[in-house]
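Structure file protein_7.cif with mmCIF, C-alpha atoms and all ligand atoms:
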```cif
data_upload
#
loop_
_atom_site.label_atom_id
_atom_site.label_comp_id
_atom_site.auth_asym_id
_atom_site.auth_seq_id
_atom_site.Cartn_x
_atom_site.Cartn_y
_atom_site.Cartn_z
CA MET A 345 193.50 -0.91 -69.43
CA ASN A 346 191.15 0.82 -66.98
CA GLN A 347 187.44 0.38 -67.63
CA PRO A 348 185.64 3.74 -68.19
CA LEU A 349 183.63 4.78 -65.15
CA PRO A 350 179.85 4.46 -65.44
CA SER A 351 177.82 7.67 -65.63
CA ILE A 352 178.02 9.42 -62.23
CA SER A 353 174.36 10.32 -61.89
CA SER A 354 171.50 7.86 -61.96
CA ASP A 355 168.74 8.25 -64.53
CA ALA A 356 166.49 9.32 -61.64
CA VAL A 357 168.82 12.17 -60.69
CA LEU A 358 169.23 13.26 -64.31
CA ARG A 359 165.44 13.25 -64.71
CA VAL A 360 165.00 15.45 -61.63
CA ARG A 361 167.78 17.81 -62.70
CA SER A 362 166.52 18.28 -66.22
CA GLN A 363 162.90 18.85 -65.21
CA SER A 364 163.19 20.56 -61.84
CA LEU A 365 161.59 23.98 -61.46
CA ARG A 366 163.15 24.65 -58.07
CA SER A 367 165.46 27.61 -57.53
CA LYS A 368 168.61 26.47 -55.74
CA ASN A 369 169.24 29.96 -54.63
CA LEU A 370 167.83 33.37 -55.10
CA ILE A 371 169.74 35.62 -57.43
CA PRO A 372 173.45 35.04 -56.75
CA GLY A 373 175.42 37.98 -55.47
CA VAL A 374 172.37 40.00 -54.49
CA THR A 375 172.31 40.14 -50.73
CA ASP A 376 171.95 43.80 -49.74
CA LYS A 377 168.38 44.14 -51.04
CA VAL A 378 164.94 44.15 -49.48
CA SER A 379 163.84 40.54 -49.61
CA LEU A 380 160.25 39.57 -50.33
CA ALA A 381 161.50 36.15 -51.37
CA ILE A 382 161.69 34.43 -48.00
CA GLY A 383 159.78 31.18 -47.44
CA GLU A 384 160.10 31.01 -43.67
CA PRO A 385 158.80 32.90 -40.64
CA ASP A 386 161.13 35.67 -39.48
CA PHE A 387 160.20 34.92 -35.83
CA ASP A 388 162.24 32.96 -33.31
CA THR A 389 160.99 29.57 -32.24
CA PRO A 390 158.80 29.98 -29.10
CA GLN A 391 160.91 29.91 -25.93
CA VAL A 392 158.84 27.13 -24.36
CA VAL A 393 159.88 24.86 -27.27
CA ILE A 394 163.56 25.79 -27.00
CA ASP A 395 163.48 25.15 -23.24
CA ALA A 396 161.89 21.73 -23.79
CA GLN A 397 164.65 20.75 -26.20
CA ILE A 398 167.45 21.87 -23.85
CA GLN A 399 165.77 20.04 -21.00
CA ALA A 400 165.46 16.89 -23.14
CA ILE A 401 169.12 16.89 -24.10
CA SER A 402 170.19 17.53 -20.48
CA SER A 403 168.00 14.63 -19.37
CA GLY A 404 169.70 12.18 -21.69
CA TYR A 405 167.37 12.11 -24.70
CA THR A 406 170.36 11.71 -26.96
CA HIS A 407 169.73 8.22 -28.34
CA TYR A 408 167.87 6.72 -31.29
CA SER A 409 164.11 6.97 -31.13
CA PRO A 410 161.63 4.47 -32.64
CA GLN A 411 161.47 4.78 -36.45
CA GLU A 412 157.81 5.89 -36.40
CA GLY A 413 158.44 8.55 -33.76
CA ARG A 414 158.66 8.87 -29.98
CA SER A 415 155.46 8.12 -28.09
CA GLU A 416 155.49 11.61 -26.45
CA LEU A 417 155.24 13.27 -29.85
CA VAL A 418 152.90 10.71 -31.40
CA ASN A 419 150.54 11.12 -28.44
CA ALA A 420 150.69 14.92 -28.71
CA ILE A 421 149.83 14.64 -32.42
CA LEU A 422 146.93 12.31 -31.60
CA GLN A 423 145.75 14.77 -28.99
CA SER A 424 145.87 17.70 -31.44
CA ALA A 425 144.26 15.93 -34.41
CA VAL A 426 140.55 15.33 -34.51
CA GLY A 427 140.56 12.16 -36.59
CA VAL A 428 139.50 11.59 -40.17
CA ALA A 429 136.03 13.11 -40.26
CA GLY A 430 135.41 12.13 -36.68
CA LYS A 431 137.07 8.67 -36.91
CA ALA A 432 139.57 8.24 -34.05
CA PHE A 433 143.27 8.01 -34.87
CA SER A 434 145.85 5.71 -33.35
CA SER A 435 149.63 5.55 -33.60
CA GLU A 436 149.28 3.52 -36.84
CA ASN A 437 148.01 6.69 -38.50
CA ILE A 438 151.18 8.67 -37.71
CA LEU A 439 154.75 8.83 -38.95
CA VAL A 440 157.17 11.44 -37.59
CA THR A 441 159.32 12.75 -40.45
CA HIS A 442 162.41 14.80 -41.15
CA GLY A 443 160.44 18.00 -41.81
CA GLY A 444 157.59 18.28 -44.28
CA SER A 445 159.98 17.73 -47.20
CA ALA A 446 160.80 14.17 -46.17
CA GLY A 447 157.15 13.42 -45.42
CA LEU A 448 156.16 14.51 -48.92
CA THR A 449 159.01 12.69 -50.64
CA ALA A 450 158.48 9.50 -48.62
CA THR A 451 154.78 9.50 -49.49
CA ILE A 452 155.46 9.93 -53.20
CA LEU A 453 158.26 7.33 -53.24
CA GLY A 454 156.16 4.96 -51.15
CA LEU A 455 153.07 5.14 -53.37
CA LEU A 456 154.14 5.61 -56.96
CA ASN A 457 155.65 3.41 -59.64
CA PRO A 458 157.36 4.57 -62.85
CA GLY A 459 154.69 5.52 -65.38
CA ASP A 460 152.00 6.35 -62.78
CA VAL A 461 150.09 9.60 -63.33
CA VAL A 462 149.75 12.32 -60.68
CA LEU A 463 147.37 15.29 -60.76
CA LEU A 464 149.13 18.46 -59.69
CA GLU A 465 147.97 22.03 -59.52
CA ASP A 466 149.79 24.68 -61.55
CA PRO A 467 151.19 26.72 -59.86
CA THR A 468 152.22 24.71 -56.82
CA TYR A 469 155.20 24.00 -54.54
CA SER A 470 158.03 22.64 -56.69
CA LEU A 471 159.21 19.77 -54.47
CA TYR A 472 156.31 17.51 -55.53
CA LEU A 473 157.45 17.50 -59.15
CA ASP A 474 161.03 16.63 -58.18
CA ALA A 475 159.89 13.65 -56.10
CA ILE A 476 157.53 12.51 -58.87
CA ASN A 477 160.41 12.72 -61.36
CA LEU A 478 162.64 10.78 -58.99
CA VAL A 479 160.17 7.89 -59.25
CA GLY A 480 159.70 8.27 -63.01
CA ALA A 481 155.98 9.01 -62.73
CA SER A 482 154.32 11.74 -64.80
CA VAL A 483 151.99 14.68 -64.09
CA LYS A 484 148.80 16.17 -65.43
CA ARG A 485 148.38 19.71 -64.22
CA PHE A 486 145.23 21.73 -63.49
CA SER A 487 144.83 25.43 -62.73
CA ARG A 488 142.39 27.88 -61.22
CA ASP A 489 140.92 30.41 -63.68
CA ALA A 490 141.28 34.19 -63.33
CA ASP A 491 138.45 34.20 -60.76
CA GLY A 492 140.12 31.47 -58.73
CA LYS A 493 137.70 28.73 -59.84
CA LEU A 494 138.71 25.12 -60.45
CA ASP A 495 137.30 23.16 -63.41
CA PHE A 496 136.19 19.97 -61.67
CA ASP A 497 134.90 18.39 -64.90
CA MET A 498 138.38 18.64 -66.34
CA ILE A 499 140.00 17.36 -63.14
CA ASP A 500 137.55 14.45 -63.14
CA LYS A 501 138.46 13.61 -66.74
CA ASP A 502 142.18 13.71 -65.96
CA ALA A 503 141.62 11.62 -62.84
CA LYS A 504 140.73 8.58 -64.96
CA GLY A 505 143.86 6.44 -64.90
CA ALA A 506 145.69 8.71 -62.42
CA LYS A 507 146.89 7.26 -59.11
CA LEU A 508 147.45 10.27 -56.89
CA ILE A 509 146.37 13.87 -56.53
CA VAL A 510 148.58 16.27 -54.56
CA LEU A 511 147.00 19.36 -53.02
CA CYS A 512 148.76 22.20 -51.23
CA HIS A 513 146.37 23.69 -48.68
CA PRO A 514 146.86 26.60 -47.99
CA SER A 515 148.81 27.00 -51.20
CA ASN A 516 152.41 27.92 -51.66
CA PRO A 517 152.61 30.07 -53.84
CA THR A 518 149.08 31.52 -54.14
CA GLY A 519 147.86 31.52 -50.54
CA ALA A 520 144.57 30.01 -51.77
CA VAL A 521 142.65 27.83 -49.35
CA ILE A 522 140.41 24.98 -50.51
CA SER A 523 136.80 25.86 -49.67
CA PRO A 524 134.30 23.38 -48.20
CA THR A 525 132.46 23.23 -51.56
CA GLU A 526 135.70 22.49 -53.38
CA TRP A 527 136.51 19.81 -50.81
CA ALA A 528 133.18 18.14 -51.59
CA SER A 529 134.07 18.03 -55.31
CA PHE A 530 137.56 16.71 -54.64
CA ALA A 531 136.16 14.03 -52.32
CA ASP A 532 133.72 12.94 -55.00
CA ILE A 533 136.44 12.74 -57.68
CA VAL A 534 138.85 10.91 -55.38
CA LYS A 535 136.23 8.33 -54.42
CA ARG A 536 134.79 7.70 -57.88
CA ASN A 537 138.20 7.37 -59.53
CA GLY A 538 139.91 5.43 -56.73
CA LEU A 539 142.65 8.04 -56.33
CA PHE A 540 144.98 8.51 -53.41
CA ILE A 541 145.20 12.03 -52.09
CA LEU A 542 148.24 13.68 -50.52
CA CYS A 543 147.33 16.97 -48.86
CA ASP A 544 150.27 19.16 -47.91
CA GLU A 545 149.18 21.20 -44.90
CA ALA A 546 152.55 22.85 -44.26
CA TYR A 547 150.74 26.17 -43.65
CA GLU A 548 148.02 24.67 -41.46
CA GLY A 549 147.10 27.22 -38.81
CA LEU A 550 148.13 30.14 -41.02
CA THR A 551 144.78 31.25 -42.42
CA TYR A 552 143.22 34.65 -41.96
CA ASP A 553 139.65 35.08 -43.13
CA ASN A 554 137.64 31.89 -43.12
CA GLY A 555 139.38 29.52 -40.72
CA PHE A 556 141.00 26.30 -41.79
CA VAL A 557 139.21 23.12 -42.86
CA SER A 558 141.76 20.32 -42.90
CA ALA A 559 141.55 17.46 -45.37
CA LEU A 560 141.26 15.35 -42.20
CA ASP A 561 137.84 16.89 -41.57
CA ILE A 562 136.40 15.88 -44.93
CA ALA A 563 134.01 12.95 -44.78
CA GLY A 564 134.68 10.39 -47.49
CA LEU A 565 138.40 11.06 -47.91
CA GLY A 566 139.61 8.92 -45.00
CA ASP A 567 140.55 5.66 -46.75
CA ASN A 568 142.43 7.42 -49.54
CA LEU A 569 144.05 10.24 -47.60
CA ILE A 570 147.49 11.07 -46.27
CA VAL A 571 148.20 14.54 -44.84
CA CYS A 572 151.68 16.01 -44.49
CA ARG A 573 152.35 18.60 -41.79
CA THR A 574 155.44 20.34 -40.48
CA PHE A 575 156.43 22.38 -37.44
CA SER A 576 158.42 24.69 -39.74
CA LYS A 577 155.89 27.40 -40.53
CA LYS A 578 153.25 27.50 -37.80
CA TYR A 579 155.77 27.26 -34.94
CA ALA A 580 158.70 29.05 -36.68
CA MET A 581 160.79 25.86 -36.53
CA THR A 582 162.24 25.61 -40.04
CA GLY A 583 165.72 24.66 -38.79
CA TRP A 584 164.49 21.90 -36.49
CA ARG A 585 163.54 19.59 -39.37
CA LEU A 586 160.45 18.10 -37.82
CA GLY A 587 157.19 17.11 -39.44
CA TYR A 588 154.69 14.29 -39.57
CA LEU A 589 152.38 12.32 -41.79
CA ILE A 590 148.89 11.49 -40.65
CA GLY A 591 146.40 9.37 -42.54
CA GLU A 592 145.26 5.96 -43.64
CA PRO A 593 147.52 3.31 -42.00
CA ARG A 594 148.47 1.50 -45.24
CA LEU A 595 149.51 4.78 -46.87
CA VAL A 596 151.47 5.76 -43.76
CA ALA A 597 153.15 2.31 -43.71
CA SER A 598 154.28 2.68 -47.36
CA ALA A 599 155.65 6.14 -46.68
CA SER A 600 157.35 4.82 -43.54
CA THR A 601 159.23 2.14 -45.51
CA ALA A 602 160.46 4.77 -47.97
CA HIS A 603 161.28 7.27 -45.19
CA ARG A 604 163.46 4.85 -43.21
CA THR A 605 165.66 4.22 -46.26
CA PHE A 606 166.85 7.83 -46.39
CA ASN A 607 166.23 9.04 -42.83
CA GLY A 608 167.02 7.27 -39.63
CA ALA A 609 164.82 7.91 -36.62
CA ILE A 610 164.33 11.62 -36.04
CA ASN A 611 166.37 13.60 -33.45
CA SER A 612 164.96 12.53 -30.04
CA ALA A 613 165.23 15.87 -28.24
CA ASN A 614 163.64 17.70 -31.17
CA GLN A 615 160.70 15.32 -31.00
CA LEU A 616 160.13 16.18 -27.33
CA ALA A 617 160.33 19.85 -28.26
CA GLY A 618 157.77 19.19 -31.02
CA ALA A 619 155.42 17.63 -28.48
CA THR A 620 155.77 20.79 -26.38
CA ALA A 621 155.02 22.94 -29.42
CA LEU A 622 151.75 21.10 -30.01
CA LEU A 623 150.72 21.08 -26.36
CA LYS A 624 152.02 24.43 -25.10
CA ALA A 625 152.90 26.83 -27.93
CA GLY A 626 149.39 27.45 -29.26
CA GLU A 627 149.32 31.02 -27.99
CA ASP A 628 152.74 31.81 -29.45
CA ALA A 629 151.60 30.43 -32.81
CA GLU A 630 148.41 32.51 -32.64
CA LYS A 631 150.42 35.68 -31.95
CA MET A 632 152.56 35.03 -35.02
CA ARG A 633 149.47 34.32 -37.11
CA ARG A 634 147.97 37.67 -36.14
CA VAL A 635 151.17 39.48 -37.15
CA PHE A 636 151.13 37.70 -40.52
CA GLN A 637 147.51 38.76 -41.01
CA LYS A 638 148.40 42.40 -40.38
CA ARG A 639 151.30 42.17 -42.81
CA ARG A 640 149.10 40.54 -45.43
CA ASP A 641 146.67 43.45 -45.19
CA LEU A 642 149.54 45.93 -45.43
CA MET A 643 151.05 44.21 -48.47
CA GLU A 644 147.63 44.09 -50.13
CA SER A 645 147.13 47.83 -49.68
CA CYS A 646 150.63 48.52 -51.08
CA LEU A 647 150.04 46.23 -54.08
CA ARG A 648 146.67 47.89 -54.86
CA LYS A 649 148.69 50.99 -55.81
CA ILE A 650 150.28 49.13 -58.76
CA PRO A 651 147.66 49.37 -61.51
CA THR A 652 149.29 46.94 -63.97
CA ILE A 653 149.19 43.79 -61.84
CA GLN A 654 146.49 41.26 -61.01
CA PHE A 655 146.23 39.21 -57.87
CA ARG A 656 143.67 37.56 -55.62
CA ARG A 657 143.70 38.29 -51.91
CA PRO A 658 145.35 35.25 -50.29
CA ASP A 659 143.57 33.65 -47.34
CA GLY A 660 146.48 31.57 -46.07
CA ALA A 661 150.25 30.93 -45.93
CA PHE A 662 152.35 34.12 -46.27
CA TYR A 663 152.53 34.78 -50.00
CA PHE A 664 150.98 36.91 -52.74
CA TRP A 665 150.92 35.62 -56.31
CA LEU A 666 151.03 38.45 -58.86
CA GLN A 667 150.40 38.34 -62.59
CA TYR A 668 152.07 41.21 -64.43
CA LEU A 669 151.93 42.43 -68.05
CA SER A 670 153.51 39.77 -70.31
CA LYS A 671 155.36 42.39 -72.36
CA LEU A 672 157.68 42.94 -69.37
CA GLY A 673 159.33 39.56 -69.99
CA THR A 674 159.54 36.15 -68.36
CA SER A 675 159.40 35.82 -64.61
CA LEU A 676 163.14 35.08 -64.53
CA GLU A 677 163.83 38.32 -66.38
CA VAL A 678 161.45 40.36 -64.24
CA ALA A 679 162.79 38.86 -60.99
CA ALA A 680 166.30 39.85 -62.16
CA LYS A 681 165.11 43.40 -62.96
CA ALA A 682 163.46 43.58 -59.54
CA ALA A 683 166.74 42.52 -57.91
CA GLU A 684 168.56 45.27 -59.80
CA ALA A 685 165.93 47.68 -58.50
CA GLY A 686 166.66 46.47 -54.97
CA VAL A 687 163.94 43.92 -54.18
CA MET A 688 164.15 40.15 -54.26
CA VAL A 689 161.11 38.09 -55.22
CA ARG A 690 160.57 34.52 -56.43
CA ARG A 691 160.02 33.92 -60.13
CA GLY A 692 156.63 32.39 -60.95
CA GLU A 693 157.99 29.72 -63.29
CA GLU A 694 159.45 27.96 -60.28
CA PHE A 695 155.90 26.84 -59.47
CA GLY A 696 154.74 25.77 -62.95
CA SER A 697 154.30 27.09 -66.46
CA SER A 698 151.32 29.22 -65.36
CA GLY A 699 153.91 31.35 -63.56
CA LYS A 700 155.59 32.52 -66.75
CA HIS A 701 154.40 36.07 -66.10
CA ALA A 702 153.98 35.86 -62.36
CA LEU A 703 155.95 36.51 -59.19
CA ARG A 704 155.64 35.23 -55.64
CA LEU A 705 156.01 37.78 -52.87
CA SER A 706 156.45 36.79 -49.24
CA TYR A 707 155.25 38.90 -46.34
CA ALA A 708 157.25 36.90 -43.80
CA THR A 709 159.22 40.05 -43.16
CA ASP A 710 158.86 43.37 -41.32
CA GLU A 711 156.42 46.12 -42.33
CA ARG A 712 159.13 48.51 -43.46
CA SER A 713 160.51 45.91 -45.89
CA ILE A 714 157.02 45.20 -47.20
CA GLU A 715 156.37 48.89 -47.93
CA GLU A 716 159.79 49.58 -49.41
CA GLY A 717 159.99 46.29 -51.34
CA VAL A 718 156.58 46.71 -52.97
CA ALA A 719 157.35 50.35 -53.84
CA ARG A 720 160.55 49.26 -55.61
CA LEU A 721 158.72 46.44 -57.37
CA GLY A 722 156.00 48.85 -58.46
CA ARG A 723 158.56 50.90 -60.37
CA VAL A 724 159.69 47.77 -62.23
CA LEU A 725 156.18 46.57 -63.06
CA SER A 726 154.53 49.84 -64.05
C1 LIG B 1 154.05 23.89 -49.26
C2 LIG B 1 155.27 23.45 -48.54
N1 LIG B 1 155.34 22.18 -48.14
C3 LIG B 1 156.42 21.70 -47.50
C4 LIG B 1 157.49 22.52 -47.23
C5 LIG B 1 158.70 21.94 -46.56
O1 LIG B 1 158.69 22.16 -45.21
P1 LIG B 1 159.88 21.69 -44.26
O2 LIG B 1 160.72 22.89 -43.98
O3 LIG B 1 159.21 21.20 -43.04
O4 LIG B 1 160.62 20.61 -44.96
C6 LIG B 1 157.46 23.86 -47.64
C7 LIG B 1 158.60 24.75 -47.38
O5 LIG B 1 158.72 25.83 -47.90
C8 LIG B 1 156.31 24.33 -48.31
O6 LIG B 1 156.21 25.60 -48.71
#
```
Just give me the structure of the file as structure tokens.
Ligand SMILES: Cc1ncc(COP(=O)(O)O)c(C=O)c1O
Amino acid sequence: MNQPLPSISSDAVLRVRSQSLRSKNLIPGVTDKVSLAIGEPDFDTPQVVIDAQIQAISSGYTHYSPQEGRSELVNAILQSAVGVAGKAFSSENILVTHGGSAGLTATILGLLNPGDVVLLEDPTYSLYLDAINLVGASVKRFSRDADGKLDFDMIDKDAKGAKLIVLCHPSNPTGAVISPTEWASFADIVKRNGLFILCDEAYEGLTYDNGFVSALDIAGLGDNLIVCRTFSKKYAMTGWRLGYLIGEPRLVASASTAHRTFNGAINSANQLAGATALLKAGEDAEKMRRVFQKRRDLMESCLRKIPTIQFRRPDGAFYFWLQYLSKLGTSLEVAAKAAEAGVMVRRGEEFGSSGKHALRLSYATDERSIEEGVARLGRVLS
């Protein structure tokens, strides 16, 4: 008699599936609508980067690269990064990754054990929770209040016994940027409680009002810090799957061991193109940033016409986070109503329970779509 097959999915996969907040897709079947749901730049990758990749392939860069990354890219990263609060970096501080997603997942898999506790903002990008669940670690969540303030006493209390704090800076989905004063409080908590800190800077370079202070610039974080960056957003390179980790060598080494188990060395020609992005596409990136800023201002002025919603002006990334009247229903229901009314948005619950009556709107789209999409949404929310 045949033995029954064991369960197909591992406990880790079942844990991720049952607790994941991520949307696989937007609302199925709705494709002919204005989309304010997009999480990627609508620009083409800068031509100088494309040319560098074609040139690399034509020149024979078609073989495996070193696991940690090609020296051309590692050196370009070292040239573009200032060093942890003035401390110089070397190649030991860097790991080239398969996009930001793999950098984040490798860091979490490399650092955490089952049962470890992670501090996570609510709302925040949903991938962190999936990776934490994959390990079998647990989360304590903290939120900003209605004025955007963080309760550092509470975070400090929760930090006792936690191993890692994950920050998204600038934030997907709120667009909030961590201020220098907040950085000082985080640095104090991290140091006193012996926490590791993973700062996701996927939207680095996409800030509009007050400039960008990287976690790498914060004195006192260096020994505990690992920063994840990606070429996806700043250089409009989402399809290239290129990112990097930068931080304390032992943290980078742990992430590297995890990363090499599920990713081989990264595409060689893409790495050369990435080096070109860092060294030569600064002006292209700045042009895109200025367009995003204009669109943010436009979306803000459109949203101000909807009296029933609350939001804070985002300083970074390309999203608005709206709270609407709870009587309208859950964010899944309201996102479905919005789709029926002809505009696609992301439901807030995807980013944490604080998003039960919230939506995420993206302005990574043209001005006409912003105006029309917000007008349609206004009719649903009013
Ligand atoms: C905050 C944040 N981190 C990381 C990523 C993943 O970036 P990548 O496309 O490089 O994997 C995203 C993508 O949406 C994101 O929003």
Nearest to Tyr588 in chain A by atom-to-atom distance, counting only C-alpha atoms, from A:Glu412, A:Glu630, A:Asp466, A:Asp567: A:Glu412
d(CA of Ser698 in chain A, CA of Tyr663 in chain A) in Å: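 These two atoms are separated by 16.4 Å.
Across A:Val718, A:Ala685, A:Val483, A:Ile522, the tightest approach to Glu545 in chain A is made by A:Ile522 when counting only C-alpha atoms.
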Test item: residues at most 8 Å from Cys512 in chain A, only C-alpha atoms, excluding those fewer than 5 positions along its chain, as an NGL selection string: :A and (468-469 or 543-546)
Distance query range 599-607 of chain A at most 9 Å, all atoms listed in the file, self and fewer than 3 positions along chain excluded, as a ChimeraX atom specification: /A:411-412,439-442,446-455,589,594-596,610
Atomic distance CA of Val360 in chain A - CA of Ser379 in chain A, expressed in Å with one decimal: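 Interatomic distance, CA of Val360 in chain A to CA of Ser379 in chain A: 27.8 Å.
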Test item: which residues lie within 12 Å of (159.0, 24.5, -43.9) counting all atoms listed in the file, as number ranges by chain: A: 382-385, 442-448, 469, 471, 516, 544-548, 572-588, 661-662
Separation of CA of Leu365 in chain A from CA of Ala531 in chain A in Å: 28.8 Å
